[in-house]
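Engineer: This is data.txt, which holds compact mmCIF, C-alpha atoms and all ligand atoms:
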```txt
# COMPACT_ATOMS: atom_id res chain seq x y z
CA MET A 1 159.16 278.91 63.68
CA GLU A 2 161.74 279.65 66.34
CA GLY A 3 163.14 283.17 66.16
CA TYR A 4 160.37 284.30 63.83
CA THR A 5 157.78 287.00 64.46
CA LEU A 6 154.42 286.00 63.06
CA LEU A 7 152.02 288.81 62.23
CA CYS A 8 148.34 288.00 62.60
CA PRO A 9 145.56 290.24 61.27
CA GLN A 10 142.92 291.35 63.74
CA MET A 11 139.40 289.97 63.58
CA ALA A 12 137.69 289.87 66.96
CA PRO A 13 139.44 292.02 69.61
CA ILE A 14 138.42 290.06 72.72
CA HIS A 15 139.33 286.64 71.34
CA PHE A 16 142.43 287.76 69.49
CA SER A 17 143.90 289.49 72.51
CA LEU A 18 144.23 286.01 74.02
CA PHE A 19 145.46 284.22 70.88
CA ASP A 20 149.00 285.58 71.01
CA ALA A 21 149.30 284.22 74.56
CA THR A 22 148.18 280.80 73.33
CA PHE A 23 150.88 280.82 70.65
CA ALA A 24 153.45 282.23 73.10
CA TRP A 25 152.75 279.30 75.42
CA ARG A 26 154.06 277.07 72.61
CA GLY A 27 157.06 279.33 72.03
CA HIS A 28 155.78 281.23 68.98
CA ASN A 29 156.04 284.98 68.88
CA VAL A 30 152.70 286.04 67.37
CA VAL A 31 151.83 289.73 67.11
CA VAL A 32 148.13 290.43 66.66
CA LEU A 33 147.85 293.68 64.73
CA SER A 34 145.66 296.10 66.57
CA GLU A 35 143.62 298.29 64.31
CA VAL A 36 142.79 298.91 60.69
CA ASP A 37 143.07 302.54 59.73
CA HIS A 38 142.48 304.37 56.49
CA ASN A 39 146.08 303.79 55.31
CA ALA A 40 145.75 300.03 55.75
CA ILE A 41 142.62 300.03 53.56
CA GLU A 42 144.49 302.14 50.99
CA ASP A 43 147.34 299.58 50.98
CA GLY A 44 144.79 296.79 50.56
CA LEU A 45 143.23 298.55 47.59
CA ARG A 46 146.64 299.17 46.06
CA TYR A 47 147.90 295.60 46.21
CA VAL A 48 144.76 293.43 46.03
CA ASN A 49 142.72 293.43 42.88
CA ASN A 50 139.57 295.38 43.66
CA ASP A 51 137.33 292.56 42.48
CA ALA A 52 138.32 290.74 45.68
CA CYS A 53 135.88 291.14 48.55
CA TYR A 54 136.30 293.75 51.28
CA PRO A 55 137.68 291.41 54.00
CA ALA A 56 140.58 290.41 51.71
CA ILE A 57 141.41 294.09 51.21
CA VAL A 58 141.22 294.78 54.97
CA VAL A 59 143.36 291.79 55.94
CA CYS A 60 146.03 292.13 53.24
CA GLY A 61 146.17 295.90 53.76
CA GLN A 62 146.70 295.54 57.48
CA LEU A 63 149.53 293.04 57.02
CA ILE A 64 151.28 295.10 54.33
CA GLN A 65 151.02 298.23 56.46
CA ALA A 66 152.67 296.40 59.37
CA LEU A 67 155.48 295.09 57.14
CA LYS A 68 156.06 298.60 55.79
CA SER A 69 156.28 300.05 59.29
CA GLY A 70 159.93 299.01 59.64
CA LYS A 71 159.28 297.50 63.07
CA TYR A 72 159.98 293.94 61.94
CA ASP A 73 163.06 292.14 60.65
CA LEU A 74 161.73 290.97 57.29
CA GLN A 75 164.14 288.02 57.17
CA ARG A 76 162.56 286.61 60.31
CA THR A 77 158.96 287.67 59.92
CA GLY A 78 156.04 285.58 58.70
CA VAL A 79 152.33 286.23 58.39
CA LEU A 80 149.64 284.02 59.84
CA ILE A 81 146.44 283.77 57.91
CA SER A 82 143.30 281.76 58.59
CA GLN A 83 141.79 279.35 56.08
CA THR A 84 138.41 277.68 56.21
CA CYS A 85 138.49 275.20 53.31
CA GLY A 86 135.36 276.45 51.59
CA GLY A 87 134.77 277.88 48.14
CA CYS A 88 135.54 281.43 49.18
CA ARG A 89 138.21 284.01 49.88
CA SER A 90 138.99 282.46 53.24
CA THR A 91 140.36 279.50 51.34
CA ASN A 92 142.07 281.53 48.66
CA TYR A 93 143.64 284.05 51.02
CA ARG A 94 146.98 282.42 50.64
CA ALA A 95 147.17 283.05 46.89
CA LEU A 96 145.79 286.59 47.21
CA LEU A 97 148.20 287.44 49.98
CA ASP A 98 151.20 285.89 48.22
CA LEU A 99 150.50 288.04 45.18
CA ALA A 100 149.89 291.20 47.22
CA LEU A 101 153.12 290.68 49.19
CA ARG A 102 155.13 290.16 46.02
CA LYS A 103 153.65 293.32 44.48
CA ALA A 104 154.44 295.28 47.63
CA GLY A 105 158.04 294.06 47.64
CA PHE A 106 157.70 291.60 50.51
CA GLY A 107 157.92 288.41 48.45
CA SER A 108 160.39 286.83 50.89
CA VAL A 109 157.97 286.99 53.82
CA ARG A 110 156.59 283.56 54.66
CA VAL A 111 152.82 283.06 54.61
CA LEU A 112 151.51 280.48 57.07
CA PRO A 113 147.89 279.45 56.62
CA PHE A 114 146.12 278.50 59.84
CA ASN A 115 143.35 276.09 59.06
CA VAL A 116 140.35 275.58 61.29
CA ASN A 117 140.50 271.87 60.47
CA VAL A 118 143.49 271.75 62.78
CA VAL A 119 140.92 270.70 65.38
CA LYS A 120 139.61 267.77 63.35
CA SER A 121 143.10 266.62 62.45
CA GLY A 122 144.35 266.90 66.03
CA GLY A 123 146.96 269.38 64.86
CA SER A 124 148.45 267.39 61.99
CA VAL A 125 147.38 269.88 59.28
CA LEU A 126 149.87 272.31 60.73
CA ALA A 127 152.60 269.81 61.36
CA GLY A 128 155.87 270.91 59.84
CA ARG A 129 154.95 274.57 60.13
CA PHE A 130 154.30 274.79 63.86
CA ASP A 131 154.92 272.70 66.83
CA VAL A 132 151.24 271.88 67.18
CA ASP A 133 149.84 269.05 69.18
CA LEU A 134 146.60 268.15 70.87
CA ALA A 135 147.50 270.21 73.93
CA PHE A 136 147.84 273.30 71.74
CA VAL A 137 144.56 272.58 69.94
CA ARG A 138 142.85 272.17 73.30
CA LYS A 139 144.31 275.42 74.56
CA MET A 140 143.17 277.21 71.41
CA LEU A 141 139.67 275.86 71.89
CA VAL A 142 139.56 276.97 75.52
CA THR A 143 140.77 280.43 74.43
CA VAL A 144 137.84 280.70 72.01
CA LEU A 145 135.47 279.64 74.78
CA TYR A 146 136.78 282.32 77.14
CA GLY A 147 136.48 284.86 74.33
CA ASP A 148 132.89 283.83 73.59
CA LEU A 149 131.98 284.02 77.27
CA LEU A 150 133.45 287.51 77.70
CA LEU A 151 131.72 288.66 74.51
CA LEU A 152 128.36 287.39 75.73
CA LEU A 153 128.69 288.86 79.23
CA SER A 154 129.99 292.25 78.14
CA ASN A 155 127.37 292.81 75.42
CA ARG A 156 124.63 291.98 77.89
CA CYS A 157 125.95 294.33 80.64
CA ARG A 158 127.35 297.38 78.83
CA PRO A 159 124.04 298.98 77.71
CA TYR A 160 122.61 298.89 81.26
CA GLU A 161 125.59 300.14 83.29
CA VAL A 162 124.94 302.35 86.30
CA GLU A 163 128.56 303.47 86.22
CA LEU A 164 129.71 303.99 82.65
CA GLY A 165 132.74 301.98 81.53
CA VAL A 166 132.76 299.33 84.27
CA THR A 167 132.00 296.49 81.86
CA ASP A 168 134.96 297.21 79.60
CA LYS A 169 137.20 297.57 82.66
CA LEU A 170 136.08 294.16 83.86
CA VAL A 171 136.70 292.66 80.42
CA ALA A 172 140.22 294.15 80.44
CA TYR A 173 140.83 292.77 83.93
CA TRP A 174 139.76 289.27 82.94
CA LEU A 175 141.72 289.34 79.71
CA GLY A 176 144.81 290.08 81.82
CA GLU A 177 144.03 287.23 84.23
CA LEU A 178 143.31 284.79 81.44
CA ARG A 179 146.52 285.68 79.61
CA GLU A 180 148.47 284.74 82.73
CA VAL A 181 146.63 281.45 83.05
CA ILE A 182 147.15 280.64 79.37
CA LEU A 183 150.84 281.56 79.44
CA SER A 184 151.56 279.54 82.55
CA ASN A 185 151.51 275.81 82.67
CA ARG A 186 149.30 276.06 85.71
CA ARG A 187 146.55 273.45 85.62
CA HIS A 188 143.23 275.05 86.25
CA SER A 189 139.61 274.09 86.16
CA ILE A 190 137.94 275.77 83.18
CA SER A 191 134.52 275.57 84.76
CA LYS A 192 135.71 277.12 88.07
CA MET A 193 137.38 279.95 86.16
CA MET A 194 134.20 280.55 84.18
CA VAL A 195 132.08 280.53 87.33
CA ARG A 196 134.37 283.26 88.77
CA ILE A 197 134.10 285.33 85.58
CA VAL A 198 130.31 285.04 85.51
CA SER A 199 130.04 285.90 89.19
CA ASP A 200 132.05 289.12 88.60
CA PHE A 201 129.72 290.16 85.80
CA GLU A 202 126.67 289.18 87.86
CA SER A 203 127.79 291.57 90.57
CA LEU A 204 128.03 294.59 88.24
CA LYS A 205 125.43 297.20 89.11
CA LEU A 206 123.04 297.52 86.21
CA TYR A 207 119.71 299.19 85.56
CA ASP A 208 117.94 295.85 85.63
CA ASP A 209 114.48 297.33 85.11
CA LEU A 210 115.46 299.11 81.95
CA GLN A 211 114.21 297.42 78.77
CA LYS A 212 116.08 297.93 75.53
CA PRO A 213 115.49 296.22 72.21
CA LYS A 214 117.91 293.39 71.56
CA VAL A 215 119.57 293.52 68.17
CA GLY A 216 121.30 290.43 66.75
CA ILE A 217 124.38 290.79 64.55
CA VAL A 218 124.90 288.07 61.95
CA GLY A 219 126.81 287.88 58.70
CA GLU A 220 130.23 287.47 57.18
CA ILE A 221 132.70 286.60 59.90
CA LEU A 222 135.16 289.47 59.54
CA VAL A 223 132.64 292.30 59.29
CA LYS A 224 130.56 290.66 62.00
CA TYR A 225 133.31 290.77 64.65
CA HIS A 226 135.83 293.36 63.54
CA PRO A 227 134.86 296.79 64.88
CA ASP A 228 137.08 298.63 62.38
CA ALA A 229 135.56 296.72 59.46
CA ASN A 230 131.94 297.24 60.58
CA ARG A 231 132.42 300.82 61.79
CA ASN A 232 131.91 299.80 65.37
CA LEU A 233 128.47 298.33 64.91
CA VAL A 234 128.04 297.20 68.53
CA ALA A 235 128.73 300.74 69.78
CA THR A 236 126.35 302.18 67.15
CA ILE A 237 123.54 299.88 68.29
CA GLU A 238 124.21 300.79 71.92
CA ASN A 239 124.28 304.51 71.11
CA GLU A 240 120.91 304.11 69.40
CA GLY A 241 119.45 302.62 72.58
CA GLY A 242 119.74 298.89 71.86
CA GLU A 243 121.55 295.85 73.23
CA ALA A 244 123.73 293.98 70.73
CA VAL A 245 123.56 290.19 70.67
CA VAL A 246 126.55 288.70 68.87
CA PRO A 247 126.66 284.90 68.50
CA GLY A 248 130.00 283.35 69.51
CA ILE A 249 132.87 282.41 67.22
CA LEU A 250 132.67 278.80 68.32
CA ASP A 251 129.53 278.31 66.23
CA PHE A 252 131.47 279.39 63.15
CA MET A 253 134.19 276.87 63.99
CA LEU A 254 131.60 274.14 64.45
CA TYR A 255 129.96 275.15 61.18
CA CYS A 256 133.29 274.60 59.38
CA LEU A 257 134.05 271.38 61.20
CA SER A 258 130.63 269.85 60.63
CA SER A 259 130.63 270.41 56.87
CA ASP A 260 131.36 266.75 55.96
CA GLN A 261 128.54 265.55 58.15
CA HIS A 262 126.03 267.75 56.29
CA LYS A 263 127.44 267.05 52.85
CA LYS A 264 127.37 263.31 53.34
CA PRO A 265 123.82 262.58 52.06
CA TYR A 266 124.53 264.46 48.82
CA ALA A 267 128.24 264.18 48.09
CA ASP A 268 130.96 261.59 48.05
CA VAL A 269 132.06 261.93 51.66
CA SER A 270 133.60 258.92 53.34
CA PHE A 271 131.98 257.36 56.37
CA ILE A 272 135.12 258.14 58.41
CA SER A 273 135.05 261.86 57.47
CA GLY A 274 131.38 262.09 58.44
CA LEU A 275 132.16 260.38 61.73
CA LYS A 276 135.20 262.59 62.46
CA SER A 277 133.09 265.65 61.84
CA LYS A 278 130.38 264.42 64.25
CA PHE A 279 132.98 263.57 66.85
CA ALA A 280 134.61 267.02 66.59
CA VAL A 281 131.23 268.70 67.22
CA TRP A 282 130.46 266.37 70.12
CA ILE A 283 133.77 266.90 71.91
CA ILE A 284 133.75 270.69 71.41
CA GLU A 285 130.21 270.90 72.78
CA LYS A 286 131.43 268.99 75.85
CA TYR A 287 133.91 271.82 76.39
CA ARG A 288 131.18 274.42 75.82
CA ASP A 289 129.20 272.75 78.62
CA ASN A 290 131.57 274.69 80.91
CA ILE A 291 129.94 277.95 79.78
CA ARG A 292 126.46 276.47 80.21
CA TYR A 293 127.43 275.24 83.67
CA ALA A 294 128.75 278.67 84.71
CA LEU A 295 125.55 280.35 83.50
CA ARG A 296 123.09 277.71 84.72
CA LYS A 297 121.80 279.71 87.68
CA SER A 298 122.08 283.15 86.16
CA GLY A 299 119.01 285.31 85.97
CA ARG A 300 120.92 287.83 83.88
CA PHE A 301 122.61 285.82 81.14
CA GLU A 302 121.30 283.26 78.63
CA PRO A 303 123.54 280.21 78.11
CA PRO A 304 124.45 279.40 74.50
CA LYS A 305 122.42 276.66 72.81
CA HIS A 306 123.83 273.39 71.51
CA PHE A 307 125.12 273.52 67.94
CA ASN A 308 122.57 270.90 66.80
CA HIS A 309 119.83 273.30 67.84
CA LEU A 310 121.23 275.79 65.34
CA VAL A 311 121.37 273.13 62.65
CA GLU A 312 117.68 272.30 63.22
CA LYS A 313 116.73 275.97 62.97
CA ALA A 314 118.60 276.42 59.70
CA GLN A 315 117.10 273.27 58.20
CA LYS A 316 113.62 274.73 58.56
CA VAL A 317 114.50 277.24 55.86
CA ILE A 318 117.57 276.11 53.93
CA SER A 319 119.63 273.03 53.16
CA THR A 320 122.73 272.66 55.30
CA CYS A 321 124.55 271.83 52.09
CA ASN A 322 124.88 275.61 51.62
CA GLN A 323 128.43 275.79 52.86
CA THR A 324 130.10 278.58 50.94
CA GLY A 325 130.92 281.69 52.92
CA GLU A 326 128.91 281.64 56.14
CA GLY A 327 126.37 279.44 54.33
CA TRP A 328 123.53 277.95 56.34
CA LEU A 329 125.00 279.26 59.61
CA LEU A 330 123.83 282.76 58.70
CA THR A 331 120.24 281.61 58.20
CA GLY A 332 120.36 279.38 61.29
CA GLU A 333 121.52 282.25 63.48
CA MET A 334 118.74 284.51 62.22
CA VAL A 335 116.04 281.89 62.88
CA GLU A 336 117.47 281.15 66.33
CA LEU A 337 117.61 284.85 67.25
CA ILE A 338 114.02 285.49 66.12
CA GLU A 339 112.64 282.43 67.92
CA ASP A 340 114.58 283.37 71.07
CA GLY A 341 112.91 286.78 71.27
CA CYS A 342 115.42 288.88 69.34
CA PRO A 343 113.55 289.70 66.10
CA ASN A 344 115.72 292.76 65.35
CA ILE A 345 118.71 291.76 63.27
CA VAL A 346 121.49 293.49 61.38
CA CYS A 347 122.82 291.19 58.68
CA VAL A 348 126.26 292.43 57.65
CA GLN A 349 128.12 291.47 54.53
CA PRO A 350 130.89 292.80 52.36
CA PHE A 351 129.59 294.46 49.23
CA GLY A 352 129.41 291.91 46.42
CA CYS A 353 129.71 288.89 48.72
CA LEU A 354 127.82 286.32 46.67
CA PRO A 355 127.31 283.45 49.17
CA ASN A 356 126.13 285.70 51.96
CA HIS A 357 123.76 287.49 49.63
CA ILE A 358 122.14 284.10 49.03
CA THR A 359 122.04 282.76 52.59
CA GLY A 360 121.53 286.22 54.11
CA LYS A 361 119.55 288.52 51.84
CA GLY A 362 118.22 285.60 49.81
CA VAL A 363 116.25 284.09 52.71
CA LEU A 364 114.80 287.35 54.05
CA LYS A 365 111.51 287.06 52.16
CA GLU A 366 110.95 283.58 53.56
CA LEU A 367 111.89 284.68 57.08
CA ARG A 368 109.54 287.66 56.96
CA THR A 369 106.71 285.40 55.78
CA ARG A 370 107.33 282.88 58.56
CA TYR A 371 108.03 285.47 61.25
CA PRO A 372 106.08 288.70 60.59
CA ILE A 373 107.73 290.23 63.70
CA ALA A 374 111.18 289.95 62.06
CA ASN A 375 112.79 293.37 61.74
CA ILE A 376 115.91 292.70 59.67
CA THR A 377 118.15 295.15 57.93
CA THR A 378 121.07 294.25 55.69
CA ILE A 379 124.17 296.39 55.56
CA ASP A 380 126.89 296.17 52.94
CA TYR A 381 130.45 297.13 53.86
CA ASP A 382 133.05 298.20 51.38
CA ALA A 383 136.04 300.54 51.24
CA GLY A 384 133.88 303.06 49.37
CA THR A 385 130.49 302.87 51.11
CA THR A 386 129.45 305.96 53.04
CA GLU A 387 128.78 305.76 56.74
CA VAL A 388 125.63 307.86 56.39
CA ASN A 389 123.79 305.19 54.40
CA GLN A 390 124.73 302.49 56.89
CA LEU A 391 123.74 304.66 59.85
CA ASN A 392 120.38 305.54 58.30
CA ARG A 393 119.51 301.88 57.83
CA ILE A 394 120.46 301.09 61.43
CA LYS A 395 118.42 304.06 62.73
CA LEU A 396 115.39 302.93 60.73
CA MET A 397 115.66 299.38 62.08
CA MET A 398 116.11 300.74 65.63
CA SER A 399 113.01 302.94 65.41
CA VAL A 400 110.90 299.92 64.40
CA ALA A 401 112.55 297.90 67.20
CA GLN A 402 111.69 300.59 69.78
CA LYS A 403 108.08 300.79 68.53
CA ASN A 404 107.69 296.99 68.71
CA LEU A 405 109.11 296.94 72.23
CA LEU A 406 106.69 299.66 73.35
CA ALA A 407 103.75 297.83 71.79
CA LYS A 408 104.78 294.66 73.64
S1 LIG B 501 131.90 284.90 52.15
FE1 LIG B 501 131.76 286.73 50.93
S2 LIG B 501 133.17 288.15 51.82
FE2 LIG B 501 133.66 286.16 52.63
S3 LIG B 501 135.19 285.42 51.24
FE3 LIG B 501 133.28 284.68 50.45
S4 LIG B 501 132.63 286.23 48.95
FE4 LIG B 501 134.24 287.13 50.22
```
Could you take the file, read its structure, and then write that structure out as structure tokens?

Structural biologist:
Amino acid sequence: MEGYTLLCPQMAPIHFSLFDATFAWRGHNVVVLSEVDHNAIEDGLRYVNNDACYPAIVVCGQLIQALKSGKYDLQRTGVLISQTCGGCRSTNYRALLDLALRKAGFGSVRVLPFNVNVVKSGGSVLAGRFDVDLAFVRKMLVTVLYGDLLLLLSNRCRPYEVELGVTDKLVAYWLGELREVILSNRRHSISKMMVRIVSDFESLKLYDDLQKPKVGIVGEILVKYHPDANRNLVATIENEGGEAVVPGILDFMLYCLSSDQHKKPYADVSFISGLKSKFAVWIIEKYRDNIRYALRKSGRFEPPKHFNHLVEKAQKVISTCNQTGEGWLLTGEMVELIEDGCPNIVCVQPFGCLPNHITGKGVLKELRTRYPIANITTIDYDAGTTEVNQLNRIKLMMSVAQKNLLAK
């Protein structure tokens, strides 16, 4: 894709602000679009059939708005779009986007799907479209790990700051440093870098005695991480006196990669596919050990658990054959949060998202029976939903969370 500009829709600001550097290291000019404003949503609604779910409207709208801006040479511009290989929009994005682009008059713009199975295939699923090899896949994985680490550290520190704004400044500083490391060919020790990052966040002055209710955020991947799509849910929780706990993106990747392994007892999955899927999880967890190592002595931060721990938690309630949308991952994350002392949860989903209504809303009765302390609220996001309704539900959940914390 030499000479091309590839536009990439935003999803998770911390992670995605490193992704373009990862692509640039391989010589690709990727522009991560920054924000989704009202006009982008309007474009999405205009060119995507409104029976498609909200994330499709957000993503397509953002890309069309960028193409309309006149900033890019349309003959040498492509759009990068993620695919997950499930039964949902994330798989059918390509077709939706192709149609939307044609309707908007950008039919000549190339659409390049970026499939998470690139990890399992060692890069071959993208061969022919990108110059992708194992080194690139490794770099991408490390980028996700850095993003997950910064997400974990910043969410834990921000609500307790003595000096307002220092956490976000530190995140910005480290994003700058990490970009340089990613762009250069400098060999570096991931674990040493992570130890330095953790030590910087450990030294931030916080009100350590202050106790705030922890609130987990789970749900559909785009509305879970994208602040413009979820109306800045993390900030809302913090403004209401809570601490947001957002599980990392790596678990979603592992969820996608491990699908064959979980389907195997019930479906016609070859032994080799099952094995590949197990191997992918094993090797990625080896990389995540770097985060656990950096956090091993911390009294402030909790290291992430092994993916198999999440699988076990989900299997208590639901079959891991539920693999459409966020599938069993959504249930697993809720069980893990509750058992780890975070019973307050906001479960976010696009309005009308069928799979997540089953593995999110559908399991709530069972979760409340098993864990009476669970304080879960579900929030639907859509282009037309009013903020007031969403805010009221969050405030109600927060007041119960504060009461439970006081009682404890
Ligand atoms: S999981 Fe829900 S929101 Fe996501 S693509 Fe599927 S139906 Fe749409």

Engineer: Might you pull out every residue within 6 Å of segment 332-344 of chain A, with all atoms listed in the file counted and same-chain residues fewer than 3 positions away left off, and present them as a ChimeraX atom specification?

Structural biologist: /A:214-215,310,313-314,329,374-376

Engineer: Take atom CA of Thr91 of chain A and atom CA of Arg46 of chain A and report the distance between them in Å, one decimal.

Structural biologist: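 Straight-line distance from atom CA of Thr91 of chain A to atom CA of Arg46 of chain A works out to 21.3 Å.
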
Engineer: Write out as a ChimeraX atom specification each polymer residue whose atoms come within 10 Å of segment 27-30 of chain A, counting all atoms listed in the file; drop sequence neighbours fewer than 4 positions from it.

Structural biologist: /A:1-8,19-23,77-80,130-131,183

Engineer: Neighbours of ligand LIG 501 (chain B) at 9 Å or closer, counting all atoms listed in the file: which residues, as JSON, numbers by chain?

Structural biologist: {"A": [52, 53, 54, 55, 56, 86, 87, 88, 89, 90, 91, 92, 93, 219, 220, 221, 222, 223, 324, 325, 326, 327, 349, 350, 351, 352, 353, 354, 355, 356, 357]}

Engineer: So how many Å separate atom CA of Val346 of chain A and atom CA of Thr377 of chain A, to one decimal?

Structural biologist: 5.1 Å

Engineer: Starting from 4 Å padding per side, set up an axis-aligned box that covers all listed atoms of segment 209-228 of chain A and hand over centre and edge lengths in Å, one decimal, as lines of an AutoDock Vina configuration file.

Structural biologist:
```
center_x = 125.6
center_y = 292.9
center_z = 71.1
size_x = 30.9
size_y = 20.5
size_z = 35.9
```

Engineer: Do you know which residues lie at most 9 Å from (134.2, 295.2, 81.1), with coordinates as in the file and only C-alpha atoms counted, and could you write them as a list in words?

Structural biologist: Leu150, Leu153, Ser154, Cys157, Arg158, Gly165, Val166, Thr167, Asp168, Lys169, Leu170, Val171, Ala172, Tyr173, Trp174 and Phe201 of chain A

Engineer: Could you tell me how far atom CA of Val144 of chain A sits from atom CA of Ile64 of chain A, in Å to one decimal place?

Structural biologist: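 About the pair atom CA of Ile64 of chain A and atom CA of Val144 of chain A: they are 26.5 Å apart.
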
Engineer: When you count all atoms listed in the file, which of these residues is closest to Glu240 of chain A: A:Pro213, A:Ile182, A:Tyr287, A:Asp43?

Structural biologist: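 Among the listed residues, the smallest separation from Glu240 of chain A belongs to A:Pro213.
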
Engineer: Do you know which residues lie at most 9 Å from (153.5, 288.1, 51.0), with coordinates as in the file and only C-alpha atoms counted, and could you write them as number ranges by chain?

Structural biologist: A: 60, 63-64, 78-79, 94, 96-111

Engineer: Using all atoms listed in the file, which residues sit within 12 Å of Asn230 of chain A once same-chain residues fewer than 3 positions away are excluded, as an mmCIF file with C-alpha atoms, in the coordinates of the input?

Structural biologist:
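What landed in part35.cif:
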```cif
data_model
loop_
_atom_site.group_PDB
_atom_site.id
_atom_site.type_symbol
_atom_site.label_atom_id
_atom_site.label_comp_id
_atom_site.auth_asym_id
_atom_site.auth_seq_id
_atom_site.Cartn_x
_atom_site.Cartn_y
_atom_site.Cartn_z
ATOM 1 C CA MET A 11 139.400 289.970 63.580
ATOM 2 C CA ALA A 12 137.690 289.870 66.960
ATOM 3 C CA VAL A 36 142.790 298.910 60.690
ATOM 4 C CA TYR A 54 136.300 293.750 51.280
ATOM 5 C CA PRO A 55 137.680 291.410 54.000
ATOM 6 C CA VAL A 58 141.220 294.780 54.970
ATOM 7 C CA ILE A 217 124.380 290.790 64.550
ATOM 8 C CA VAL A 218 124.900 288.070 61.950
ATOM 9 C CA GLY A 219 126.810 287.880 58.700
ATOM 10 C CA GLU A 220 130.230 287.470 57.180
ATOM 11 C CA ILE A 221 132.700 286.600 59.900
ATOM 12 C CA LEU A 222 135.160 289.470 59.540
ATOM 13 C CA VAL A 223 132.640 292.300 59.290
ATOM 14 C CA LYS A 224 130.560 290.660 62.000
ATOM 15 C CA TYR A 225 133.310 290.770 64.650
ATOM 16 C CA HIS A 226 135.830 293.360 63.540
ATOM 17 C CA PRO A 227 134.860 296.790 64.880
ATOM 18 C CA LEU A 233 128.470 298.330 64.910
ATOM 19 C CA VAL A 234 128.040 297.200 68.530
ATOM 20 C CA ALA A 235 128.730 300.740 69.780
ATOM 21 C CA THR A 236 126.350 302.180 67.150
ATOM 22 C CA ILE A 237 123.540 299.880 68.290
ATOM 23 C CA VAL A 346 121.490 293.490 61.380
ATOM 24 C CA CYS A 347 122.820 291.190 58.680
ATOM 25 C CA VAL A 348 126.260 292.430 57.650
ATOM 26 C CA GLN A 349 128.120 291.470 54.530
ATOM 27 C CA PRO A 350 130.890 292.800 52.360
ATOM 28 C CA PHE A 351 129.590 294.460 49.230
ATOM 29 C CA ILE A 379 124.170 296.390 55.560
ATOM 30 C CA ASP A 380 126.890 296.170 52.940
ATOM 31 C CA TYR A 381 130.450 297.130 53.860
ATOM 32 C CA ASP A 382 133.050 298.200 51.380
ATOM 33 C CA ALA A 383 136.040 300.540 51.240
ATOM 34 C CA THR A 385 130.490 302.870 51.110
ATOM 35 C CA THR A 386 129.450 305.960 53.040
ATOM 36 C CA GLU A 387 128.780 305.760 56.740
ATOM 37 C CA GLN A 390 124.730 302.490 56.890
ATOM 38 C CA LEU A 391 123.740 304.660 59.850
#
```

Engineer: At a cut-off of 8 Å, using all atoms listed in the file, what residues contact Asp260 of chain A? Leave out same-chain residues fewer than 3 positions from it and give the result as a ChimeraX atom specification.

Structural biologist: /A:257,263-264,269,273-274,277

Engineer: So which residues touch Ser298 of chain A within 10 Å, counting only C-alpha atoms, skipping near sequence neighbours fewer than 5 positions away, as a list of chain:residue names?

Structural biologist: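 Using only C-alpha atoms, the neighbours found are A:Val198, A:Ser199, A:Glu202, A:Arg292, A:Tyr293, A:Pro303.
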
Engineer: Can you work out which one of A:Leu164, A:Ile249, A:Leu206, A:Leu141 has the shortest atom-to-atom distance to Ile14 of chain A, counting all atoms listed in the file?

Structural biologist: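 Of A:Leu164, A:Ile249, A:Leu206, A:Leu141, the one nearest Ile14 of chain A, counting all atoms listed in the file, is A:Ile249.
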
Engineer: Just checking: using only C-alpha atoms, which residue out of A:Ile284, A:Met397, A:Ile291, A:Leu152 ends up closest to Val137 of chain A?

Structural biologist: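 When distances to Val137 of chain A are compared using only C-alpha atoms, the smallest one comes from A:Ile284.
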
Engineer: With distances taken over all atoms listed in the file, which of A:Met193, A:Leu204, A:Glu302, A:Gly147 is nearest to Gly248 of chain A?

Structural biologist: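 Smallest separation from Gly248 of chain A among the options: A:Gly147.
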
Engineer: Hey, which of A:Gln402, A:Leu145, A:Asn232, A:Val181 ends up closest to Asp289 of chain A? Count only C-alpha atoms.

Structural biologist: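 Of all the options, A:Leu145 lies closest to Asp289 of chain A.
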